[in-house]
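A.B. asks: The structure follows.
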Amino acid sequence: MKKALALTLVFITLLCLIPLSGCESGRRDTGEEAIHRYLELIRAGDYASAWDLLSAGTRNETEKESASKITKQAFADKYANIFKALEITSVEYSDIVCGDGEILCDGSFTATYRSEYTGDLVNRFDVVARREGGEWRIEWSPSLIFPEMQWGDTVRVAKLAAKRGEILAGGDVLAATVGAVSVYAVVSKIEDAELFAVRIAALLDISPDKVAAALEKAYDDVAVIKQFYSDELTDSVKEQLLGIPGVGIDYGNYGRNREYPFGSLLAHLIGYVGSVPNENDEELKAALAALNEGRAEADGLYTEDSIVGRLGLEKQYEKELRGRDGELVYICTADGANRKTIYRRAAEDGEDVVLTIDIALQQRLEEVMSLVLFGDTTAGAVVVLNPKTGAVQAMCSYPSYDLNQFTRGISLAEYNALLGNPAKPLINRTTQGRYPPGSTMKVFTAAAALDLNVLDASYAFDESQIKDDYWTPEDYGDWIWTRIKRTHINYPISGPLNMRKAFIHSDNIYFANCALMTGWDSFMGYMQAVGFTEAIPFDIGVAAPQLYNEDADKTYKLLADSGYGQGEILVTPLQLAAMFSALANGGDIMTPYVVKGLYRDQGILSKEVFGRIAGAWRTDVVSDEAIGTLTPMLEDVVDDDINGTGRSLKVKGCTVAAKTGTAEIGDDKSREISWFAGYRVGVSGEDERLVLVMLEIPAEEAYLQLKFDIARALLEMEP
């Protein structure tokens with residue numbers, strides 16, 4: 001409710017001695033004097049005394065209701081409530097004209113209701129004074145409050161609910177606000193509330209107590225019992241509902257629903273809406289306080305019944321999407337119609353969130369994921385972005401779920417099925433899943449060694465130290481840990497084990513040696529600069545990476561393992577994609593983003609409220625010299641004529657530089673994390689694209705090609 005301003009009330013004691021403009025009051029006991037006195041009492045806020053001046057035909061002195069008479073209490077309440085609702089601070093009368101009849105005295109006047117809320121309300125009124133038993137009385141009707149007002153009318157203040165903004169990409173609506181089908185009750189027309197609740201509950205599949213609770217929350221005599229999506233109420237149920245006195249069905253005026261036209265598409269990014277968190281009173285109170293921060297009552301405060309963003313962009317951009325409510329003050333007829341609008345403040349609809357997502361690419365990504373991955377033994381995440389801007393073009397966490405399940409009210413059985421799914425569809429693997437980077441880490445290990453002048457590209461590891469694919473370092477004291485095992489090589493290439501050969505075969509020993517030669521302090525400093533110790537900014541939260549556990553003993557073995565992406569390093573797919581993009585962007589890591597801008601609908605056109613400007617998160621993390629050295633090697637990794645670890649990519653139409661990786665899951669080594677990170681080389685503008693694929697798969701030969709099938713489809717697809 002609005003905070004009403006105090007009425008400026010000045011009681012006039014010698015009413016007949018203070019004339020009003022345009023009315024002579026020299027004569028006493030006249031019709032014009034009665035009119036004058038009545039207006040002064042209304043202006044002074046003395047409604048009880050004003051009622052005493054009413055004619056017998058309009059003054060109700062009984063407890064019985066009357067269609068054209070009003071009791072003293074009802075009269076006082078009517079004026080007080082209306083003036084309070086409109087925040088009227090004073091009343092001024094002018095241009096008063098009075099007749100001089102002996103029985104009837106006609107008059108007219110202009111009344112100005114002063115209000116900072118509505119602005120001044122100015123109306124012209126007609127008034128009649130009647131002589132009754134030697135005294136002049138006022139023929140009163142509601143038209144003396146507002147000229148259009150009639151018996152049975154009231155003044156109501158209605159909220160004009162702001163429409164929640166939409167989430168869009170490329171012109172397609174991903175999260176839409178649609179009108180709800182509302183079953184409502186006009187409380188005053190209910191004959192038997194208990195019977196009413198029972199009948200309604202049976203038809204709407206809710207409890208009678210819930211119906212009763214809804215009736216108690218009635219606003220302006222209207223209580224919304226339950227709301228539905230457009231396809232949920234059958235014609236038969238509608239017909240039965242409308243046969244109950246007091247029941248109505250509204251289409252879109254009493255509420256709106258949130259729908260997700262693409263279902264599971266981008267589900268983990270978009271998120272969904274739901275009720276305010278309310279596991280207990282304290283949580284509800286804290287949630288409402290946070291939501292209402294910076295909002296005024298006039299904007300529409302959040303309540304325990306509000307629907308809010310609970311996850312993803314819906315939650316992150318709740319403030320922008322919500323908008324601010326408007327208000328409508330109107331004269332309401334007895335049957336609920338709007339006789340006249342007194343004041344209207346339009347609602348400010350929420351802002352639309354427009355994404356950088358390429359819908360065609362996104363749909364292709366999710367199609368390929370569903371074709372390549374299957375059952376509950378495979379899962380994964382894919383990020384596609386422009387390495388020069390950080391704009392995310394597509395992203396997917398697989399498996400996914402239908403957002404509409406949550407907005408329409410997911411059943412306990414459905415929710416438990418999602419929770420119990422071994423593939424964990426509710427987890428956003430792109431931003432919240434943390435995984436060992438495997439051999440993709442070797443790119444950063446090599447960059448560190450090059451930039452810190454630990455070695456150059458011609459440095460060759462002495463393979464004579466490798467025995468049966470195992471190496472025991474000899475230059476770091478007694479090696480008390482397990483030996484370091486190199487990657488199995490199916491098609492070895494000739495020549496010394498230099499950096500190029502090590503990348504092509506993804507040799508663990510070579511990069512373990514690089515890390516050891518770099519040393520803990522230098523290695524850690526370089527990786528910190530690259531971003532391995534801080535969560536990267538994004539439009540939704542990203543889990544922080546780690547180089548090692550806080551309580552870790554920084555041994556040589558941990559350093560060696562970290563050099564080839566094992567050890568205790570963990571990183572999200574989104575962050576790794578962004579960091580990897582430094583190789584395609586002159587050493588700068590752009591801040592990844594998916595929200596292109598915020599827009600406010602203005603009819604045919606939309607006004608940009610906020611537009612994203614691409615910016616770097618880290619600059620010069622890898623030198624141009626190191627990039628120049630590494631890029632040809634990464635091209636060789638996926639060259640199918642060289643038989644490197646990425647030879648199965650076989651992309652057509654573009655040159656790709658990439659690194660593959662594998663990390664074991666669990667002690668039994670039956671499952672693994674399989675990585676691919678690659679970008680187009682020698683392109684610009686819309687053709688620039690980096691693809692990162694992370695899969696959780698069984699450690700079996702049949703699954704090793706899946707990441708290439710996904711990456712190939714995305715790298716080959718044109719903008």
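Scheme for the structure tokens: letters A, B, ... for chains in order shown; per-chain residue numbers from 1; ligand numbers from 1 in order shown.
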With only C-alpha atoms as the counted atoms, please give the residues lying no more than 7 Å from Val571 of chain A, apart from itself and same-chain residues fewer than 5 positions off, as a count of residues only.
C.D. replies: 7
A.B. asks: For segment 524-526 of chain A, list every protein, DNA or RNA residue within 8 Å, evaluated using only C-alpha atoms, and leave out those in the same chain fewer than 3 positions away; present the list as JSON, numbers by chain.
C.D. replies: {"A": [448, 520, 521, 529, 530, 547]}
A.B. asks: As a ChimeraX atom specification, please: every residue in segment 392-485 of chain A that a backbone DSSP assignment puts in strand (DSSP E).
C.D. replies: /A:392-398,466-467,470-471,484-485
A.B. asks: Using N, CA, C and O atoms, can you write the selected residues to a file as a short mmCIF file (atom, residue, chain, number, x, y, z; two decimals), in the first residue's frame?
C.D. replies:
```cif
data_model
loop_
_atom_site.label_atom_id
_atom_site.label_comp_id
_atom_site.auth_asym_id
_atom_site.auth_seq_id
_atom_site.Cartn_x
_atom_site.Cartn_y
_atom_site.Cartn_z
N VAL A 392 30.11 -15.91 -26.51
CA VAL A 392 29.77 -17.33 -26.57
C VAL A 392 28.73 -17.54 -27.67
O VAL A 392 27.67 -16.94 -27.66
N GLN A 393 29.06 -18.39 -28.62
CA GLN A 393 28.18 -18.65 -29.75
C GLN A 393 27.26 -19.84 -29.51
O GLN A 393 26.17 -19.92 -30.08
N ALA A 394 27.70 -20.75 -28.68
CA ALA A 394 26.88 -21.92 -28.32
C ALA A 394 27.51 -22.55 -27.09
O ALA A 394 28.73 -22.47 -26.89
N MET A 395 26.69 -23.18 -26.28
CA MET A 395 27.20 -23.92 -25.13
C MET A 395 26.16 -24.95 -24.72
O MET A 395 24.96 -24.74 -24.86
N CYS A 396 26.66 -26.06 -24.22
CA CYS A 396 25.73 -27.14 -23.88
C CYS A 396 26.30 -27.99 -22.75
O CYS A 396 27.48 -28.34 -22.76
N SER A 397 25.45 -28.29 -21.80
CA SER A 397 25.77 -29.27 -20.77
C SER A 397 24.83 -30.44 -21.01
O SER A 397 23.61 -30.27 -21.06
N TYR A 398 25.41 -31.62 -21.20
CA TYR A 398 24.62 -32.80 -21.55
C TYR A 398 24.78 -33.88 -20.49
O TYR A 398 25.89 -34.12 -20.02
N ILE A 466 64.02 -43.12 -20.73
CA ILE A 466 62.69 -43.74 -20.67
C ILE A 466 62.85 -45.24 -20.80
O ILE A 466 63.40 -45.75 -21.79
N LYS A 467 62.34 -45.94 -19.82
CA LYS A 467 62.42 -47.40 -19.81
C LYS A 467 61.01 -47.99 -19.84
O LYS A 467 60.22 -47.80 -18.92
N TYR A 470 58.31 -45.59 -19.15
CA TYR A 470 58.32 -44.97 -17.82
C TYR A 470 59.62 -44.19 -17.63
O TYR A 470 60.69 -44.58 -18.13
N TRP A 471 59.49 -43.11 -16.87
CA TRP A 471 60.66 -42.27 -16.58
C TRP A 471 60.74 -41.98 -15.09
O TRP A 471 59.76 -41.59 -14.45
N ILE A 484 56.83 -41.74 -13.85
CA ILE A 484 55.96 -41.01 -14.77
C ILE A 484 55.84 -41.81 -16.05
O ILE A 484 56.84 -42.20 -16.67
N LYS A 485 54.59 -42.04 -16.46
CA LYS A 485 54.32 -42.87 -17.64
C LYS A 485 53.99 -41.99 -18.82
O LYS A 485 53.19 -41.07 -18.72
#
```
A.B. asks: Work out how far atom CA of Gly375 of chain A is from atom CA of Gly644 of chain A, in Å to one decimal.
C.D. replies: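 So the two atoms, atom CA of Gly644 of chain A and atom CA of Gly375 of chain A, lie 29.7 Å apart.
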